[in-house]
Every structure is written in C-alpha cells, then in structure tokens.
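What follows is the content of entry-v1.txt, which has compact mmCIF, N, CA and C atoms and all ligand atoms:
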```
# COMPACT_ATOMS: atom_id res chain seq x y z
N MET R 1345 64.15 -65.64 57.32
CA MET R 1345 63.45 -65.95 56.05
C MET R 1345 64.32 -65.49 54.88
N ASN R 1346 64.64 -66.39 53.98
CA ASN R 1346 65.31 -65.92 52.77
C ASN R 1346 64.95 -66.77 51.56
N ARG R 1347 65.49 -66.37 50.42
CA ARG R 1347 65.17 -67.03 49.16
C ARG R 1347 66.45 -67.50 48.48
N THR R 1348 66.30 -68.55 47.68
CA THR R 1348 67.42 -69.07 46.92
C THR R 1348 66.95 -69.52 45.55
N LEU R 1349 67.87 -69.56 44.59
CA LEU R 1349 67.51 -70.06 43.26
C LEU R 1349 67.91 -71.54 43.17
N ALA R 1350 66.95 -72.36 42.76
CA ALA R 1350 67.20 -73.78 42.50
C ALA R 1350 66.99 -74.05 41.02
N ILE R 1351 67.84 -74.92 40.47
CA ILE R 1351 67.65 -75.38 39.09
C ILE R 1351 67.70 -76.91 39.07
N ILE R 1352 66.72 -77.52 38.38
CA ILE R 1352 66.87 -78.93 38.02
C ILE R 1352 67.53 -78.92 36.64
N LYS R 1353 68.76 -79.43 36.57
CA LYS R 1353 69.60 -79.33 35.37
C LYS R 1353 69.15 -80.34 34.31
N PRO R 1354 69.67 -80.23 33.08
CA PRO R 1354 69.19 -81.09 31.99
C PRO R 1354 69.28 -82.59 32.26
N ASP R 1355 70.30 -83.03 33.01
CA ASP R 1355 70.37 -84.47 33.30
C ASP R 1355 69.23 -84.90 34.22
N GLY R 1356 68.85 -84.03 35.16
CA GLY R 1356 67.73 -84.34 36.05
C GLY R 1356 66.41 -84.38 35.32
N VAL R 1357 66.22 -83.41 34.43
CA VAL R 1357 64.97 -83.35 33.66
C VAL R 1357 64.87 -84.58 32.75
N SER R 1358 65.96 -84.90 32.02
CA SER R 1358 65.86 -86.00 31.06
C SER R 1358 65.76 -87.35 31.75
N ALA R 1359 66.25 -87.46 32.97
CA ALA R 1359 66.12 -88.72 33.72
C ALA R 1359 64.78 -88.86 34.42
N GLY R 1360 63.91 -87.87 34.28
CA GLY R 1360 62.58 -87.97 34.90
C GLY R 1360 62.61 -87.73 36.39
N LEU R 1361 63.48 -86.82 36.84
CA LEU R 1361 63.65 -86.61 38.28
C LEU R 1361 62.99 -85.33 38.79
N ILE R 1362 62.20 -84.66 37.94
CA ILE R 1362 61.58 -83.40 38.39
C ILE R 1362 60.72 -83.65 39.63
N GLY R 1363 59.87 -84.64 39.57
CA GLY R 1363 58.97 -84.91 40.69
C GLY R 1363 59.71 -85.27 41.96
N GLU R 1364 60.72 -86.10 41.83
CA GLU R 1364 61.50 -86.53 43.01
C GLU R 1364 62.19 -85.34 43.67
N VAL R 1365 62.76 -84.45 42.86
CA VAL R 1365 63.45 -83.28 43.43
C VAL R 1365 62.44 -82.36 44.12
N ILE R 1366 61.31 -82.11 43.45
CA ILE R 1366 60.31 -81.22 44.05
C ILE R 1366 59.74 -81.83 45.33
N LYS R 1367 59.55 -83.13 45.34
CA LYS R 1367 59.05 -83.80 46.55
C LYS R 1367 60.00 -83.53 47.73
N ARG R 1368 61.30 -83.63 47.49
CA ARG R 1368 62.27 -83.41 48.57
C ARG R 1368 62.25 -81.96 49.05
N ILE R 1369 62.09 -81.02 48.12
CA ILE R 1369 62.02 -79.61 48.49
C ILE R 1369 60.80 -79.37 49.39
N GLU R 1370 59.66 -79.93 48.98
CA GLU R 1370 58.43 -79.70 49.76
C GLU R 1370 58.49 -80.42 51.10
N GLN R 1371 59.07 -81.64 51.12
CA GLN R 1371 59.16 -82.37 52.39
C GLN R 1371 60.09 -81.66 53.37
N GLU R 1372 61.07 -80.93 52.84
CA GLU R 1372 61.98 -80.17 53.70
C GLU R 1372 61.28 -78.94 54.29
N GLY R 1373 60.12 -78.60 53.72
CA GLY R 1373 59.39 -77.44 54.23
C GLY R 1373 59.77 -76.14 53.55
N LEU R 1374 60.53 -76.24 52.45
CA LEU R 1374 60.82 -75.04 51.66
C LEU R 1374 59.64 -74.78 50.73
N ARG R 1375 59.31 -73.50 50.53
CA ARG R 1375 58.18 -73.13 49.69
C ARG R 1375 58.68 -72.74 48.31
N ILE R 1376 58.04 -73.28 47.26
CA ILE R 1376 58.34 -72.85 45.89
C ILE R 1376 57.46 -71.64 45.61
N VAL R 1377 58.11 -70.46 45.43
CA VAL R 1377 57.33 -69.22 45.26
C VAL R 1377 57.36 -68.72 43.81
N ALA R 1378 58.17 -69.38 42.96
CA ALA R 1378 58.16 -69.12 41.51
C ALA R 1378 58.76 -70.34 40.84
N MET R 1379 58.28 -70.66 39.62
CA MET R 1379 58.81 -71.84 38.93
C MET R 1379 58.55 -71.72 37.43
N ARG R 1380 59.54 -72.14 36.62
CA ARG R 1380 59.40 -72.07 35.16
C ARG R 1380 60.27 -73.13 34.51
N MET R 1381 59.73 -73.78 33.49
CA MET R 1381 60.55 -74.71 32.72
C MET R 1381 60.97 -74.03 31.43
N THR R 1382 62.26 -74.19 31.06
CA THR R 1382 62.77 -73.50 29.88
C THR R 1382 63.98 -74.24 29.34
N LYS R 1383 64.44 -73.81 28.18
CA LYS R 1383 65.73 -74.30 27.68
C LYS R 1383 66.64 -73.08 27.57
N LEU R 1384 67.75 -73.10 28.27
CA LEU R 1384 68.65 -71.95 28.25
C LEU R 1384 69.37 -71.87 26.92
N ASP R 1385 69.63 -70.65 26.46
CA ASP R 1385 70.53 -70.52 25.30
C ASP R 1385 71.94 -70.23 25.83
N ARG R 1386 72.91 -70.27 24.92
CA ARG R 1386 74.31 -70.16 25.34
C ARG R 1386 74.58 -68.85 26.09
N ARG R 1387 74.03 -67.76 25.59
CA ARG R 1387 74.27 -66.46 26.21
C ARG R 1387 73.74 -66.42 27.65
N GLN R 1388 72.52 -66.98 27.83
CA GLN R 1388 71.92 -67.03 29.18
C GLN R 1388 72.76 -67.87 30.13
N ALA R 1389 73.19 -69.04 29.64
CA ALA R 1389 73.96 -69.95 30.51
C ALA R 1389 75.32 -69.33 30.86
N GLU R 1390 75.96 -68.69 29.88
CA GLU R 1390 77.26 -68.06 30.15
C GLU R 1390 77.12 -66.92 31.16
N GLY R 1391 76.06 -66.15 31.06
CA GLY R 1391 75.84 -65.06 32.01
C GLY R 1391 75.56 -65.58 33.40
N PHE R 1392 74.82 -66.66 33.46
CA PHE R 1392 74.48 -67.24 34.76
C PHE R 1392 75.72 -67.77 35.47
N TYR R 1393 76.59 -68.46 34.74
CA TYR R 1393 77.80 -69.04 35.32
C TYR R 1393 79.04 -68.16 35.07
N TYR R 1394 78.80 -66.85 34.96
CA TYR R 1394 79.86 -65.87 34.70
C TYR R 1394 81.06 -66.04 35.64
N VAL R 1395 80.78 -66.32 36.93
CA VAL R 1395 81.88 -66.44 37.90
C VAL R 1395 82.85 -67.57 37.55
N HIS R 1396 82.37 -68.52 36.75
CA HIS R 1396 83.22 -69.67 36.40
C HIS R 1396 83.87 -69.52 35.02
N ARG R 1397 83.81 -68.31 34.43
CA ARG R 1397 84.21 -68.15 33.02
C ARG R 1397 85.66 -68.55 32.74
N SER R 1398 86.53 -68.44 33.74
CA SER R 1398 87.93 -68.79 33.46
C SER R 1398 88.31 -70.19 33.93
N LYS R 1399 87.33 -70.97 34.41
CA LYS R 1399 87.62 -72.34 34.86
C LYS R 1399 87.79 -73.26 33.66
N PRO R 1400 88.60 -74.29 33.80
CA PRO R 1400 88.83 -75.23 32.68
C PRO R 1400 87.56 -75.96 32.25
N PHE R 1401 86.61 -76.11 33.17
CA PHE R 1401 85.38 -76.86 32.84
C PHE R 1401 84.27 -75.97 32.28
N PHE R 1402 84.56 -74.66 32.06
CA PHE R 1402 83.48 -73.72 31.71
C PHE R 1402 82.75 -74.11 30.41
N ASN R 1403 83.48 -74.36 29.33
CA ASN R 1403 82.81 -74.63 28.05
C ASN R 1403 81.98 -75.90 28.11
N SER R 1404 82.51 -76.90 28.78
CA SER R 1404 81.77 -78.16 28.94
C SER R 1404 80.52 -77.93 29.79
N LEU R 1405 80.66 -77.14 30.84
CA LEU R 1405 79.52 -76.82 31.71
C LEU R 1405 78.42 -76.12 30.91
N ILE R 1406 78.80 -75.18 30.07
CA ILE R 1406 77.80 -74.45 29.29
C ILE R 1406 77.11 -75.40 28.29
N ASP R 1407 77.88 -76.23 27.60
CA ASP R 1407 77.29 -77.20 26.66
C ASP R 1407 76.27 -78.09 27.37
N TYR R 1408 76.64 -78.54 28.55
CA TYR R 1408 75.74 -79.39 29.36
C TYR R 1408 74.47 -78.63 29.75
N MET R 1409 74.62 -77.40 30.21
CA MET R 1409 73.46 -76.64 30.71
C MET R 1409 72.47 -76.26 29.61
N ILE R 1410 72.94 -76.24 28.34
CA ILE R 1410 72.02 -75.91 27.24
C ILE R 1410 71.61 -77.16 26.45
N SER R 1411 71.96 -78.34 26.97
CA SER R 1411 71.71 -79.58 26.23
C SER R 1411 70.27 -80.05 26.31
N GLY R 1412 69.46 -79.45 27.18
CA GLY R 1412 68.07 -79.88 27.33
C GLY R 1412 67.33 -78.93 28.25
N GLY R 1413 66.11 -79.29 28.59
CA GLY R 1413 65.29 -78.42 29.43
C GLY R 1413 65.82 -78.34 30.86
N VAL R 1414 65.49 -77.24 31.49
CA VAL R 1414 65.79 -77.06 32.91
C VAL R 1414 64.54 -76.55 33.61
N VAL R 1415 64.45 -76.79 34.92
CA VAL R 1415 63.38 -76.21 35.73
C VAL R 1415 64.00 -75.21 36.68
N LEU R 1416 63.55 -73.96 36.58
CA LEU R 1416 64.04 -72.87 37.43
C LEU R 1416 63.03 -72.64 38.55
N MET R 1417 63.51 -72.52 39.78
CA MET R 1417 62.60 -72.30 40.91
C MET R 1417 63.20 -71.31 41.90
N VAL R 1418 62.34 -70.52 42.52
CA VAL R 1418 62.75 -69.73 43.67
C VAL R 1418 62.16 -70.40 44.91
N LEU R 1419 63.04 -70.74 45.85
CA LEU R 1419 62.63 -71.38 47.10
C LEU R 1419 62.71 -70.38 48.23
N GLN R 1420 61.74 -70.44 49.12
CA GLN R 1420 61.69 -69.49 50.23
C GLN R 1420 61.54 -70.23 51.55
N GLY R 1421 62.20 -69.71 52.56
CA GLY R 1421 62.06 -70.27 53.90
C GLY R 1421 63.20 -69.80 54.77
N HIS R 1422 63.09 -70.08 56.07
CA HIS R 1422 64.17 -69.77 56.99
C HIS R 1422 65.43 -70.52 56.54
N ASP R 1423 66.55 -69.82 56.39
CA ASP R 1423 67.81 -70.46 55.96
C ASP R 1423 67.68 -71.23 54.64
N ALA R 1424 66.89 -70.70 53.71
CA ALA R 1424 66.62 -71.43 52.46
C ALA R 1424 67.90 -71.79 51.70
N ILE R 1425 68.87 -70.87 51.68
CA ILE R 1425 70.11 -71.12 50.92
C ILE R 1425 70.82 -72.36 51.45
N ASP R 1426 71.04 -72.39 52.76
CA ASP R 1426 71.78 -73.51 53.36
C ASP R 1426 70.98 -74.80 53.34
N ARG R 1427 69.68 -74.71 53.58
CA ARG R 1427 68.87 -75.94 53.60
C ARG R 1427 68.81 -76.58 52.23
N TRP R 1428 68.71 -75.76 51.16
CA TRP R 1428 68.70 -76.33 49.81
C TRP R 1428 70.08 -76.91 49.46
N ARG R 1429 71.16 -76.22 49.82
CA ARG R 1429 72.51 -76.76 49.57
C ARG R 1429 72.68 -78.11 50.29
N LYS R 1430 72.11 -78.22 51.48
CA LYS R 1430 72.22 -79.47 52.24
C LYS R 1430 71.44 -80.60 51.57
N LEU R 1431 70.27 -80.30 51.05
CA LEU R 1431 69.50 -81.32 50.32
C LEU R 1431 70.24 -81.76 49.06
N MET R 1432 70.92 -80.80 48.39
CA MET R 1432 71.64 -81.13 47.15
C MET R 1432 72.84 -82.02 47.42
N GLY R 1433 73.63 -81.71 48.44
CA GLY R 1433 74.89 -82.41 48.70
C GLY R 1433 76.05 -81.75 47.97
N ALA R 1434 77.26 -82.26 48.22
CA ALA R 1434 78.47 -81.67 47.64
C ALA R 1434 78.45 -81.76 46.12
N THR R 1435 79.22 -80.86 45.49
CA THR R 1435 79.27 -80.75 44.02
C THR R 1435 79.53 -82.10 43.35
N ASP R 1436 80.52 -82.83 43.86
CA ASP R 1436 80.89 -84.13 43.29
C ASP R 1436 80.02 -85.23 43.92
N PRO R 1437 79.17 -85.88 43.14
CA PRO R 1437 78.29 -86.91 43.72
C PRO R 1437 79.04 -87.98 44.51
N LYS R 1438 80.28 -88.25 44.11
CA LYS R 1438 81.06 -89.27 44.84
C LYS R 1438 81.41 -88.81 46.25
N LYS R 1439 81.45 -87.49 46.46
CA LYS R 1439 81.80 -86.96 47.79
C LYS R 1439 80.58 -86.46 48.55
N ALA R 1440 79.42 -86.47 47.89
CA ALA R 1440 78.21 -85.94 48.53
C ALA R 1440 77.75 -86.88 49.64
N GLU R 1441 77.18 -86.29 50.69
CA GLU R 1441 76.70 -87.04 51.83
C GLU R 1441 75.59 -88.00 51.40
N ALA R 1442 75.57 -89.19 52.02
CA ALA R 1442 74.55 -90.19 51.70
C ALA R 1442 73.16 -89.58 51.89
N GLY R 1443 72.26 -89.92 50.99
CA GLY R 1443 70.88 -89.45 51.11
C GLY R 1443 70.62 -88.14 50.39
N THR R 1444 71.67 -87.45 49.95
CA THR R 1444 71.45 -86.18 49.24
C THR R 1444 71.10 -86.45 47.78
N ILE R 1445 70.53 -85.44 47.13
CA ILE R 1445 70.11 -85.56 45.73
C ILE R 1445 71.31 -85.93 44.85
N ARG R 1446 72.42 -85.23 45.02
CA ARG R 1446 73.58 -85.49 44.16
C ARG R 1446 74.17 -86.87 44.44
N ALA R 1447 74.22 -87.29 45.70
CA ALA R 1447 74.75 -88.63 46.01
C ALA R 1447 73.88 -89.71 45.37
N GLU R 1448 72.58 -89.53 45.41
CA GLU R 1448 71.68 -90.58 44.93
C GLU R 1448 71.44 -90.52 43.43
N MET R 1449 71.50 -89.33 42.83
CA MET R 1449 71.06 -89.18 41.43
C MET R 1449 72.11 -88.60 40.50
N GLY R 1450 73.18 -88.02 41.02
CA GLY R 1450 74.21 -87.42 40.17
C GLY R 1450 75.07 -88.49 39.53
N THR R 1451 75.59 -88.19 38.32
CA THR R 1451 76.41 -89.19 37.62
C THR R 1451 77.87 -88.74 37.46
N SER R 1452 78.17 -87.46 37.67
CA SER R 1452 79.57 -86.99 37.63
C SER R 1452 79.64 -85.63 38.31
N ILE R 1453 80.88 -85.13 38.49
CA ILE R 1453 81.04 -83.81 39.13
C ILE R 1453 80.35 -82.73 38.29
N GLU R 1454 80.25 -82.97 36.97
CA GLU R 1454 79.54 -82.00 36.12
C GLU R 1454 78.03 -82.27 36.12
N ARG R 1455 77.66 -83.50 35.87
CA ARG R 1455 76.24 -83.84 35.72
C ARG R 1455 75.66 -84.21 37.09
N ASN R 1456 75.38 -83.15 37.85
CA ASN R 1456 75.02 -83.35 39.26
C ASN R 1456 73.60 -82.89 39.59
N VAL R 1457 72.72 -82.89 38.56
CA VAL R 1457 71.26 -82.85 38.72
C VAL R 1457 70.66 -81.50 39.13
N VAL R 1458 71.30 -80.82 40.06
CA VAL R 1458 70.67 -79.61 40.62
C VAL R 1458 71.69 -78.50 40.85
N HIS R 1459 71.18 -77.30 40.89
CA HIS R 1459 71.95 -76.10 41.24
C HIS R 1459 71.30 -75.41 42.43
N GLY R 1460 72.13 -74.76 43.25
CA GLY R 1460 71.61 -73.89 44.31
C GLY R 1460 72.54 -72.73 44.54
N SER R 1461 71.98 -71.56 44.80
CA SER R 1461 72.79 -70.38 45.12
C SER R 1461 73.68 -70.70 46.32
N ASP R 1462 74.89 -70.09 46.35
CA ASP R 1462 75.81 -70.44 47.44
C ASP R 1462 76.00 -69.34 48.47
N SER R 1463 75.31 -68.20 48.33
CA SER R 1463 75.45 -67.11 49.30
C SER R 1463 74.28 -66.15 49.11
N PRO R 1464 74.02 -65.28 50.09
CA PRO R 1464 72.95 -64.30 49.91
C PRO R 1464 73.15 -63.42 48.67
N ASP R 1465 74.40 -63.00 48.41
CA ASP R 1465 74.65 -62.16 47.24
C ASP R 1465 74.38 -62.92 45.94
N SER R 1466 74.84 -64.17 45.85
CA SER R 1466 74.59 -64.91 44.61
C SER R 1466 73.11 -65.24 44.47
N ALA R 1467 72.40 -65.44 45.57
CA ALA R 1467 70.95 -65.70 45.47
C ALA R 1467 70.23 -64.49 44.86
N VAL R 1468 70.58 -63.30 45.31
CA VAL R 1468 69.96 -62.08 44.76
C VAL R 1468 70.27 -61.97 43.26
N TYR R 1469 71.54 -62.15 42.90
CA TYR R 1469 71.93 -62.08 41.49
C TYR R 1469 71.18 -63.11 40.66
N GLU R 1470 71.15 -64.33 41.14
CA GLU R 1470 70.57 -65.43 40.35
C GLU R 1470 69.04 -65.34 40.26
N ILE R 1471 68.39 -64.91 41.35
CA ILE R 1471 66.92 -64.77 41.30
C ILE R 1471 66.56 -63.64 40.32
N ASN R 1472 67.28 -62.53 40.40
CA ASN R 1472 67.03 -61.44 39.45
C ASN R 1472 67.34 -61.85 38.02
N TYR R 1473 68.32 -62.71 37.86
CA TYR R 1473 68.74 -63.12 36.52
C TYR R 1473 67.59 -63.81 35.78
N PHE R 1474 66.84 -64.62 36.49
CA PHE R 1474 65.77 -65.38 35.83
C PHE R 1474 64.36 -64.91 36.18
N PHE R 1475 64.19 -64.20 37.28
CA PHE R 1475 62.83 -63.90 37.74
C PHE R 1475 62.60 -62.42 38.03
N LYS R 1476 63.38 -61.54 37.39
CA LYS R 1476 63.19 -60.10 37.62
C LYS R 1476 61.76 -59.70 37.24
N GLY R 1477 61.09 -59.00 38.14
CA GLY R 1477 59.74 -58.53 37.85
C GLY R 1477 58.64 -59.56 38.08
N THR R 1478 59.02 -60.76 38.49
CA THR R 1478 58.02 -61.81 38.72
C THR R 1478 57.30 -61.59 40.06
N ASP R 1479 56.01 -61.86 40.08
CA ASP R 1479 55.27 -61.86 41.35
C ASP R 1479 55.49 -63.20 42.02
N PHE R 1480 56.09 -63.21 43.20
CA PHE R 1480 56.27 -64.46 43.91
C PHE R 1480 54.96 -64.86 44.59
N ILE R 1481 54.65 -66.14 44.54
CA ILE R 1481 53.41 -66.65 45.12
C ILE R 1481 53.71 -67.10 46.55
N GLU R 1482 53.51 -66.20 47.51
CA GLU R 1482 53.90 -66.49 48.90
C GLU R 1482 52.76 -67.10 49.69
P1 LIG R 1501 76.05 -75.15 41.39
O1 LIG R 1501 76.65 -73.75 41.29
O2 LIG R 1501 75.61 -75.70 40.04
O3 LIG R 1501 74.98 -75.24 42.44
P2 LIG R 1501 78.22 -75.95 43.06
O4 LIG R 1501 78.04 -74.60 43.69
O5 LIG R 1501 78.16 -77.14 43.96
O6 LIG R 1501 77.18 -76.16 41.89
P3 LIG R 1501 80.35 -74.82 41.50
O7 LIG R 1501 81.77 -74.85 41.94
O8 LIG R 1501 79.60 -73.54 41.59
O9 LIG R 1501 79.59 -75.99 42.26
O10 LIG R 1501 80.33 -75.35 40.00
C1 LIG R 1501 79.23 -75.09 39.15
C2 LIG R 1501 78.95 -76.33 38.34
O11 LIG R 1501 80.02 -76.56 37.44
C3 LIG R 1501 78.85 -77.63 39.15
O12 LIG R 1501 77.60 -77.84 39.72
C4 LIG R 1501 79.15 -78.66 38.08
O13 LIG R 1501 78.02 -78.89 37.23
C5 LIG R 1501 80.23 -77.96 37.28
N1 LIG R 1501 81.57 -78.28 37.82
C6 LIG R 1501 82.14 -77.84 38.96
N2 LIG R 1501 83.38 -78.31 39.13
C7 LIG R 1501 83.63 -79.07 38.04
C8 LIG R 1501 84.76 -79.84 37.60
N3 LIG R 1501 85.88 -79.91 38.32
N4 LIG R 1501 84.64 -80.51 36.42
C9 LIG R 1501 83.51 -80.43 35.68
N5 LIG R 1501 82.42 -79.72 36.03
C10 LIG R 1501 82.47 -79.05 37.20
MG MG R 1502 77.95 -72.81 42.57
```

Would you encode the structure as structure tokens?
Ligand code: ATP
Ligand code: MG
Amino acid sequence: MNRTLAIIKPDGVSAGLIGEVIKRIEQEGLRIVAMRMTKLDRRQAEGFYYVHRSKPFFNSLIDYMISGGVVLMVLQGHDAIDRWRKLMGATDPKKAEAGTIRAEMGTSIERNVVHGSDSPDSAVYEINYFFKGTDFIE
C-alpha cells in the first residue's frame, strides 16, 4: 500500500479533461484520498519542480504550470506510484504507450496533461508539499 501525488496540469484542466482523468484513476482501482483545485504561484511551482531548476526547460515549465488551474490529488493503493505512472505514460506524448493519458491527450513533451511522483522519496516530498497536515479520507 502506498501513496503518490497526482496533478492534472493547466492544459488538462483547460481542455476539460478533469473528469476523464479521474475516471481512469478510479477505474484502475486507485483511491483518491485528498483532492484540491488551485492555481499555483511562481514560488510554489518553482519549489515543487526544484529538482529541475537547472534544466533548460525550467522557466518554460514554470510559466506553463502557473498558466491556469490545476487539480492536486493524493492517490492511494498497492503500488500506487507505478500504477499511476503507467496510466500517465511516458513524459513525451509521442513516445507514450498507446492508451495512456499522455498518448491520448498530451500535446507536447511539456504540455503532457498530468504529473505523478516518480519514487517513494519524491512522493513523500510532493504529498507534504501540498497536503501537509491534511486528513486523508481513507
Ligand atoms: P512529471 O514530473 O510532471 O510527472 P515526468 O516525471 O514524466 O513528468 P520530468 O522529467 O520529471 O518528467 O519532467 C517534468 C516536466 O517537465 C514534464 O512532465 C514536462 O511537463 C516538462 N518537461 C520534461 N522534459 C522536457 C523537455 N525536454 N522540454 C520541455 N518540457 C519538458
Ligand atoms: Mg517527474
């Protein structure tokens, strides 16, 4: 049993894909134990993507992540981290496996609809980043 942080990014929200993404999460059998819609400010987005601060795409990534609303969720279940990454597909929609969210709904390597933690350590960091002190609805 573990938890992961999922985000529906601004391109997903503005394209009206919140319901479709949540449907796939629930059909996979992952439980949403916390959820919030918000608009990130620059400081929040930079802190969240701190590991990418020296990448060439960092400033563009931050501009994109603060360009509109996002949906933040904590997902729980056996192997939640890997199962959510599998539903999302590879970072670049062109390389993502057929049937995945990014393959079907992503429009570029940057605008790829969803985020998911990539390891147990990053899941702990990311869940605390947005949901510290929250009561999870198990
Ligand atoms: P995420 O962390 O959002 O779940 P990921 O783990 O698949 O995605 P990362 O390498 O962590 O990919 O990159 C974080 C995000 O930065 C990507 O989801 C994408 O929005 C953006 N990104 C990654 N690589 C590039 C790139 N080469 N050019 C532009 N944007 C990129
Ligand atoms: Mg990542």

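When only N, CA and C atoms are used to measure the gap to Arg1380 (chain R), the shortest distance among R:Gly1421, R:Ser1461, R:Lys1438, R:Val1415 belongs to R:Val1415.
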
What residues have any atom no more than 7 Å from ligand LIG 1501 (chain R) when counting all atoms listed in the file, and can you list them as a list in words? Pro1400, Phe1401, Phe1402, Ser1404, Leu1405, Gly1433, Ala1434, Thr1435, Asp1436, Ser1452, Ile1453, Glu1454, Arg1455, Asn1456, Val1457, Val1458, His1459, Gly1460, Ser1461 and Asp1462 of chain R

re CA of Tyr1393 (chain R) and CA of Glu1470 (chain R): distance 9.5 Å

(request) Please report, as a PyMOL selection string, each residue of chain R to which DSSP assigns strand (DSSP E) when run on this structure's backbone. (result) chain R and resi 1346-1352+1375-1382+1414-1421+1458-1460

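Here atom N of Ile1366 (chain R) stands at a distance of 19.8 Å from atom C of Asp1479 (chain R).
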
- All residues 6 Å or closer to Gly1413 (chain R), only N, CA and C atoms, same chain fewer than 4 positions away omitted, as a VMD selection string: chain R and resid 1353 to 1354 1357 1382 to 1384

Now that the selection is made, can you save its residues with N, CA and C atoms as a PDB file, in the frame of the given file?
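The file below, again-v9.pdb, is the result:
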```
ATOM      1  N   LYS R1353      68.760 -79.430  36.570  1.00  0.00           N
ATOM      2  CA  LYS R1353      69.600 -79.330  35.370  1.00  0.00           C
ATOM      3  C   LYS R1353      69.150 -80.340  34.310  1.00  0.00           C
ATOM      4  N   PRO R1354      69.670 -80.230  33.080  1.00  0.00           N
ATOM      5  CA  PRO R1354      69.190 -81.090  31.990  1.00  0.00           C
ATOM      6  C   PRO R1354      69.280 -82.590  32.260  1.00  0.00           C
ATOM      7  N   VAL R1357      66.220 -83.410  34.430  1.00  0.00           N
ATOM      8  CA  VAL R1357      64.970 -83.350  33.660  1.00  0.00           C
ATOM      9  C   VAL R1357      64.870 -84.580  32.750  1.00  0.00           C
ATOM     10  N   THR R1382      62.260 -74.190  31.060  1.00  0.00           N
ATOM     11  CA  THR R1382      62.770 -73.500  29.880  1.00  0.00           C
ATOM     12  C   THR R1382      63.980 -74.240  29.340  1.00  0.00           C
ATOM     13  N   LYS R1383      64.440 -73.810  28.180  1.00  0.00           N
ATOM     14  CA  LYS R1383      65.730 -74.300  27.680  1.00  0.00           C
ATOM     15  C   LYS R1383      66.640 -73.080  27.570  1.00  0.00           C
ATOM     16  N   LEU R1384      67.750 -73.100  28.270  1.00  0.00           N
ATOM     17  CA  LEU R1384      68.650 -71.950  28.250  1.00  0.00           C
ATOM     18  C   LEU R1384      69.370 -71.870  26.920  1.00  0.00           C
TER      19      LEU R1384
END
```

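Here CA of Val1377 (chain R) is placed at a distance of 7.5 Å from CA of Met1417 (chain R).
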
Can you sort out the box for region 1357-1363 of chain R, edges along x, y and z, all listed atoms in, 3 Å on every side, with centre and edge lengths in Å to one decimal, as lines of an AutoDock Vina configuration file?
```
center_x = 62.6
center_y = -86.1
center_z = 36.5
size_x = 13.3
size_y = 11.5
size_z = 16.9
```

Note to self: So that I can check the surroundings of Arg1386 (chain R), please list as JSON, numbers by chain every protein, DNA and RNA residue that reaches within 8 Å of it, counting all atoms listed in the file and ignoring chain neighbours fewer than 6 positions away.
What the structure shows: {"R": [1392, 1406, 1407, 1409, 1410]}

*Please identify which residues in chain R DSSP calls helix (DSSP H, G or I) from the backbone, and express them as a PyMOL selection string.*
chain R and resi 1354-1358+1362-1371+1386-1392+1394-1396+1402-1409+1424-1432+1445-1449+1464-1475

Val1395 (chain R) proximity check over R:Ser1358, R:Ser1466, R:Gln1420, R:Asn1346, using only C-alpha atoms: winner is R:Ser1466

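Checking R:Ile1425, R:Ala1442, R:Met1381, R:Ile1481 one by one against Ile1369 (chain R), counting only C-alpha atoms, you find the shortest gap at R:Ile1425.
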
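In this comparison, which uses all atoms listed in the file, the residue of R:Glu1441, R:Ile1352, R:Met1345, R:Arg1387 approaching Val1365 (chain R) most closely is R:Ile1352.
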
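Checking R:Leu1419, R:Met1449, R:Ala1440, R:Ala1424 one by one against Glu1482 (chain R), counting only C-alpha atoms, you find the shortest gap at R:Leu1419.
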
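Summary of the local environment: counting only C-alpha atoms, residues at most 9 Å from Ser1463 (chain R), other than itself and those fewer than 4 positions away along its chain, are Thr1348, Ile1425, Asp1426, Ala1467 and Val1468 of chain R.
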
Ligand MG 1502 (chain R) proximity check over R:Asp1355, R:Met1432, R:Gly1412, R:Gly1360, using only C-alpha atoms and all ligand atoms: winner is R:Met1432
